[in-house]
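To start, the structure under review is shown below, and the notes come after it.
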Amino acid sequence: MKSVWISVFALFTNALNYNFIQLTDLHWDPLYSDSKNSNQFCHYSPFPKNSFVNPYFGNVATECDSPTALINQTFNYLNSIQSKYTIDAVFWTGDSPRHDRDASVRRTVDEIWTASQHSVNRMLQTFRPSTVILPSIGNWDTEEISFSSPGDLIQLFEIWKPLWSTELQNQFKDSFLQGGYYIYNDPKSSLSVISLNTLAWYNENYNLSDCDLKNKNSKHPGNIQFQWLKEMLKTIRKSNRKVILIGHVPPITHAEIEIYKLNCYDKYINLVGKYSDIIVTQYYGHVNRDMMYAITKSKSDFSIIPFSKKILKKDVGSIQKQSMIGHFFTGPSIVPYYNPGFRLGSLNITQNEIELIGHIQYYADLERLNKDHKVDPDDTNQPKNSTFYNPTCSTIDSFQMRKLNINGIRSFLSRIQTELSTPNLKNKPKSTLLDSYGDCIKVQYQPANGVEHLKLDQWVIYTIVFAITVIFSVGIWIAIKGFRSSTQYEQLSEQA
């Protein structure tokens, strides 16, 4: 841990460094109940299905969203971290309200906007006026899931505009009300940040068809956003600036399904591929994983390689042979799909260059925090704000990457390949570096007995047991009936 803080100090004391936080997928649930009378979504129920008390700070690896206690501790920690570092920007990549999973308490429209307003209030209370806060629309931030209507855009702009100066409000207003996207040009440097509305390309947006690849004048919202993005990238290139793209839904395959509509994905990958020379990196949320992806080029074709632990273990050698031209990241979420987490990053900005120096992951060990609270729930000083989250996964210390650029990534992959090819006692490929990276992807979550996201509801267990009992009973009945039929047949045969 000491080495982590040494590198953190080195990362963030340079006056030219631009420090940012990526915060994503809060999914605040004011209905979260830590009582015994709750269902599988951690909501109060007069007919409880759980026989245990839900953890106070959140129920990791379940269908439950973030309790108020977790949200409060998160913003308290973000406030305390500013005593150590100057935070220049917050990339807030979507999803403030809870999911709408519980049929017994459906989300209301008022609840959606209240959750967004609650997040804005906490942002304003937490970060200094000099910190620019740049949100993106998440698929649960709108009245209809995964679809941003003109009414949604008006409502979100009104809720978000207190985050910005009057000047920024005027700069963002037209493009945001047109399609939910905008560009921020940092006045003190050559950095621009583009916030995308990825819902226009999302395959679960059933109100929109796929993007149009043939008609350049298409009125499809996804096409219009691409045309706007292309113009912004042209201007950035001509102005000798660099850009970071942020959004909620990443352009990846998740659970073996393409998250973007196919034509929209083609337009996206070709556009960012052609402008990779000015794109520093990209940040997305949605999938709850702290993971890296490479953008590669082969002749005139561009593609994306996910750096999952499984893929790196299998194909790290062949990946190194690819022509990498860019990268992007998905961020750890506050909602405890794994442990809650957020990302702290640093850029080094000079007159001629903008470089991504590195990342540090901050995570909350919910098992420890919930256990400590259970021991002494009345201790108002526990946990302390300064200890709720822990720094880990420093790209400098944990992965020995001097910079988080293409050369740094190649060095990282090379060391993984070397470890995997080094003989060991069990004669199985083994890389401690890859194992460490795998822990970072899952935000240091270590499931009991190696089983992830499989906490069965008590009534589900009862149903399974009942079904097995019925099948077993039917099997015995069929066997007995068969035996009786066989006996009767033998008797008839003897009489004949």
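Letters A, B, ... go to the chains of the structure tokens in the order shown; residues in each chain start at 1; ligands are counted from 1 in the same order.
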
Closest atom pairs, residues of stretch 304-408 of chain A within 9 Å of stretch 267-277 of chain A, only C-alpha atoms, as CSV:
```
residue,atom,partner,partner_atom,distance
A:Ile304,CA,A:Ile269,CA,8.2
A:Ile325,CA,A:Ser276,CA,6.4
A:Gly326,CA,A:Ser276,CA,6.1
```

Export, as a CSV table (one decimal), in the first residue's frame, the selected residues with N, CA, C and O atoms.
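Written output follows (selection_27.csv):
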```
chain,number,residue,atom,x,y,z
A,304,ILE,N,-12.2,-4.1,-32.2
A,304,ILE,CA,-12.0,-3.9,-30.7
A,304,ILE,C,-11.7,-5.3,-30.1
A,304,ILE,O,-12.3,-6.3,-30.4
A,325,ILE,N,-4.1,1.0,-32.2
A,325,ILE,CA,-4.2,2.5,-32.5
A,325,ILE,C,-4.9,3.3,-31.4
A,325,ILE,O,-4.9,4.5,-31.4
A,326,GLY,N,-5.5,2.6,-30.4
A,326,GLY,CA,-6.2,3.3,-29.4
A,326,GLY,C,-6.8,2.4,-28.3
A,326,GLY,O,-6.5,1.2,-28.4
```

Legend entry - Polymer residues at most 9 Å from A:Gly222, only C-alpha atoms, same-chain spacing of 4 or more positions, as a VMD selection string: chain A and resid 179 197 to 201 208 210 to 212 226 to 227 264

Would you mind exporting the chosen residues as an mmCIF file, in the first residue's frame, restricted to all heavy atoms?
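What ended up in part08.cif:
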```cif
data_model
loop_
_atom_site.group_PDB
_atom_site.id
_atom_site.type_symbol
_atom_site.label_atom_id
_atom_site.label_comp_id
_atom_site.auth_asym_id
_atom_site.auth_seq_id
_atom_site.Cartn_x
_atom_site.Cartn_y
_atom_site.Cartn_z
ATOM 1 N N GLY A 179 -29.970 16.187 -29.267
ATOM 2 C CA GLY A 179 -29.781 14.742 -29.219
ATOM 3 C C GLY A 179 -29.153 14.195 -27.957
ATOM 4 O O GLY A 179 -28.863 12.993 -27.885
ATOM 5 N N ASN A 197 -24.440 10.541 -26.418
ATOM 6 C CA ASN A 197 -25.693 9.890 -26.034
ATOM 7 C C ASN A 197 -25.714 8.519 -26.701
ATOM 8 O O ASN A 197 -26.187 8.358 -27.832
ATOM 9 C CB ASN A 197 -26.903 10.715 -26.460
ATOM 10 C CG ASN A 197 -28.221 10.060 -26.045
ATOM 11 O OD1 ASN A 197 -28.233 9.014 -25.401
ATOM 12 N ND2 ASN A 197 -29.328 10.664 -26.418
ATOM 13 N N THR A 198 -25.192 7.536 -26.016
ATOM 14 C CA THR A 198 -25.046 6.196 -26.594
ATOM 15 C C THR A 198 -26.376 5.462 -26.726
ATOM 16 O O THR A 198 -26.434 4.411 -27.377
ATOM 17 C CB THR A 198 -24.078 5.348 -25.750
ATOM 18 O OG1 THR A 198 -24.519 5.335 -24.381
ATOM 19 C CG2 THR A 198 -22.668 5.920 -25.806
ATOM 20 N N LEU A 199 -27.449 6.007 -26.138
ATOM 21 C CA LEU A 199 -28.754 5.347 -26.262
ATOM 22 C C LEU A 199 -29.241 5.337 -27.706
ATOM 23 O O LEU A 199 -30.020 4.472 -28.098
ATOM 24 C CB LEU A 199 -29.794 6.037 -25.376
ATOM 25 C CG LEU A 199 -29.498 6.147 -23.885
ATOM 26 C CD1 LEU A 199 -30.738 6.593 -23.129
ATOM 27 C CD2 LEU A 199 -28.971 4.841 -23.323
ATOM 28 N N ALA A 200 -28.767 6.287 -28.503
ATOM 29 C CA ALA A 200 -29.176 6.337 -29.918
ATOM 30 C C ALA A 200 -28.619 5.162 -30.704
ATOM 31 O O ALA A 200 -29.116 4.863 -31.801
ATOM 32 C CB ALA A 200 -28.714 7.651 -30.542
ATOM 33 N N TRP A 201 -27.613 4.495 -30.169
ATOM 34 C CA TRP A 201 -26.969 3.367 -30.856
ATOM 35 C C TRP A 201 -27.199 2.037 -30.131
ATOM 36 O O TRP A 201 -26.783 0.988 -30.612
ATOM 37 C CB TRP A 201 -25.456 3.612 -30.963
ATOM 38 C CG TRP A 201 -25.084 4.944 -31.515
ATOM 39 C CD1 TRP A 201 -25.760 5.650 -32.476
ATOM 40 C CD2 TRP A 201 -23.962 5.763 -31.150
ATOM 41 N NE1 TRP A 201 -25.124 6.841 -32.739
ATOM 42 C CE2 TRP A 201 -24.015 6.951 -31.941
ATOM 43 C CE3 TRP A 201 -22.897 5.613 -30.259
ATOM 44 C CZ2 TRP A 201 -23.064 7.954 -31.849
ATOM 45 C CZ3 TRP A 201 -21.947 6.620 -30.160
ATOM 46 C CH2 TRP A 201 -22.028 7.779 -30.941
ATOM 47 N N LEU A 208 -35.939 2.838 -31.752
ATOM 48 C CA LEU A 208 -35.159 3.238 -32.922
ATOM 49 C C LEU A 208 -34.703 2.013 -33.695
ATOM 50 O O LEU A 208 -34.327 0.989 -33.105
ATOM 51 C CB LEU A 208 -33.933 4.050 -32.501
ATOM 52 C CG LEU A 208 -34.181 5.429 -31.887
ATOM 53 C CD1 LEU A 208 -32.856 6.072 -31.510
ATOM 54 C CD2 LEU A 208 -34.946 6.327 -32.862
ATOM 55 N N ASP A 210 -31.970 0.436 -36.659
ATOM 56 C CA ASP A 210 -30.521 0.523 -36.788
ATOM 57 C C ASP A 210 -30.145 1.790 -37.576
ATOM 58 O O ASP A 210 -30.967 2.370 -38.296
ATOM 59 C CB ASP A 210 -30.001 -0.714 -37.520
ATOM 60 C CG ASP A 210 -28.541 -1.004 -37.211
ATOM 61 O OD1 ASP A 210 -27.868 -0.106 -36.672
ATOM 62 O OD2 ASP A 210 -28.089 -2.128 -37.509
ATOM 63 N N CYS A 211 -28.902 2.203 -37.426
ATOM 64 C CA CYS A 211 -28.424 3.369 -38.169
ATOM 65 C C CYS A 211 -28.458 3.103 -39.673
ATOM 66 O O CYS A 211 -28.405 1.949 -40.117
ATOM 67 C CB CYS A 211 -27.000 3.719 -37.739
ATOM 68 S SG CYS A 211 -26.861 4.297 -36.025
ATOM 69 N N ASP A 212 -28.534 4.155 -40.437
ATOM 70 C CA ASP A 212 -28.589 4.060 -41.891
ATOM 71 C C ASP A 212 -27.180 4.211 -42.459
ATOM 72 O O ASP A 212 -26.537 5.237 -42.281
ATOM 73 C CB ASP A 212 -29.500 5.163 -42.440
ATOM 74 C CG ASP A 212 -29.855 4.965 -43.903
ATOM 75 O OD1 ASP A 212 -29.047 4.343 -44.632
ATOM 76 O OD2 ASP A 212 -30.925 5.441 -44.318
ATOM 77 N N PHE A 226 -23.724 10.935 -35.220
ATOM 78 C CA PHE A 226 -22.455 10.616 -35.872
ATOM 79 C C PHE A 226 -21.974 11.781 -36.744
ATOM 80 O O PHE A 226 -20.773 12.083 -36.777
ATOM 81 C CB PHE A 226 -22.580 9.348 -36.720
ATOM 82 C CG PHE A 226 -22.453 8.074 -35.942
ATOM 83 C CD1 PHE A 226 -23.444 7.103 -35.990
ATOM 84 C CD2 PHE A 226 -21.335 7.837 -35.147
ATOM 85 C CE1 PHE A 226 -23.327 5.921 -35.271
ATOM 86 C CE2 PHE A 226 -21.208 6.659 -34.425
ATOM 87 C CZ PHE A 226 -22.213 5.700 -34.481
ATOM 88 N N GLN A 227 -22.892 12.399 -37.465
ATOM 89 C CA GLN A 227 -22.526 13.531 -38.302
ATOM 90 C C GLN A 227 -22.005 14.684 -37.443
ATOM 91 O O GLN A 227 -21.003 15.331 -37.774
ATOM 92 C CB GLN A 227 -23.728 13.982 -39.136
ATOM 93 C CG GLN A 227 -23.408 15.023 -40.186
ATOM 94 C CD GLN A 227 -22.352 14.564 -41.195
ATOM 95 O OE1 GLN A 227 -22.364 13.413 -41.639
ATOM 96 N NE2 GLN A 227 -21.422 15.459 -41.539
ATOM 97 N N CYS A 264 -24.871 0.871 -36.456
ATOM 98 C CA CYS A 264 -24.366 1.942 -35.585
ATOM 99 C C CYS A 264 -22.946 1.622 -35.138
ATOM 100 O O CYS A 264 -22.079 2.506 -35.096
ATOM 101 C CB CYS A 264 -25.272 2.121 -34.379
ATOM 102 S SG CYS A 264 -26.944 2.705 -34.750
#
```

Inset, instruction - Have a look at atom CA of A:Ala61 and atom CA of A:Val90 and let me know their distance in Å, one decimal. - result: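 Atom-to-atom, atom CA of A:Ala61 to atom CA of A:Val90, that is 26.2 Å.
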
Inset, instruction - Write out as a PyMOL selection string all residues of stretch 20-211 of chain A that DSSP puts in strand (DSSP E) for this structure's backbone. - result: chain A and resi 20-23+89-92+132-135+182-185+191-195

Inset, instruction - From the DSSP assignment of the backbone, select every residue of stretch 67-162 of chain A that is helix (DSSP H, G or I), and format the answer as a PyMOL selection string. - result: chain A and resi 68-81+109-126+150-162

What's the 9 Å shell around stretch 310-319 of chain A, counting only C-alpha atoms, without same-chain residues fewer than 3 positions away, as a PDB file with C-alpha atoms, in the first residue's frame?
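The resulting file, part-v2.pdb, is reproduced below:
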```pdb
ATOM      1  CA  ILE A 305     -10.254  -6.445 -28.518  1.00  0.00           C
ATOM      2  CA  PRO A 306     -11.566  -6.808 -24.963  1.00  0.00           C
ATOM      3  CA  PHE A 307      -8.819  -7.337 -22.394  1.00  0.00           C
ATOM      4  CA  GLN A 322      -2.066  -6.579 -33.669  1.00  0.00           C
ATOM      5  CA  SER A 323      -1.657  -2.952 -34.697  1.00  0.00           C
ATOM      6  CA  MET A 324      -3.101  -1.092 -31.697  1.00  0.00           C
ATOM      7  CA  LEU A 413       0.982  -7.653 -22.320  1.00  0.00           C
ATOM      8  CA  SER A 414       4.607  -8.709 -22.806  1.00  0.00           C
ATOM      9  CA  ILE A 416       1.893 -11.345 -18.920  1.00  0.00           C
ATOM     10  CA  GLN A 417       3.110 -13.486 -21.843  1.00  0.00           C
ATOM     11  CA  LEU A 420       2.478 -17.478 -18.752  1.00  0.00           C
ATOM     12  CA  PRO A 429       0.198 -21.400 -17.436  1.00  0.00           C
ATOM     13  CA  LYS A 430       0.273 -18.947 -14.553  1.00  0.00           C
ATOM     14  CA  SER A 431       0.594 -15.162 -14.395  1.00  0.00           C
ATOM     15  CA  LEU A 434      -2.876 -11.376 -15.004  1.00  0.00           C
ATOM     16  CA  GLY A 438      -8.499 -10.049 -13.083  1.00  0.00           C
TER      17      GLY A 438
END
```

Inset, instruction - Considering only C-alpha atoms, return as a PyMOL selection string whatever protein or nucleic-acid residues lie within 8 Å of A:Gln117, sequence-local ones (same chain, fewer than 4 positions apart) excluded. - result: chain A and resi 113+121+159-160

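Distances from A:Trp164, A:Lys299, A:Lys188, A:Met292 to A:Phe412 were compared using only C-alpha atoms, and the smallest one belongs to A:Met292.
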
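With only C-alpha atoms as the atoms that count, the residue of A:Ile236, A:Ile360, A:Leu433, A:Val132 with the shortest distance to A:Ser411 is A:Leu433.
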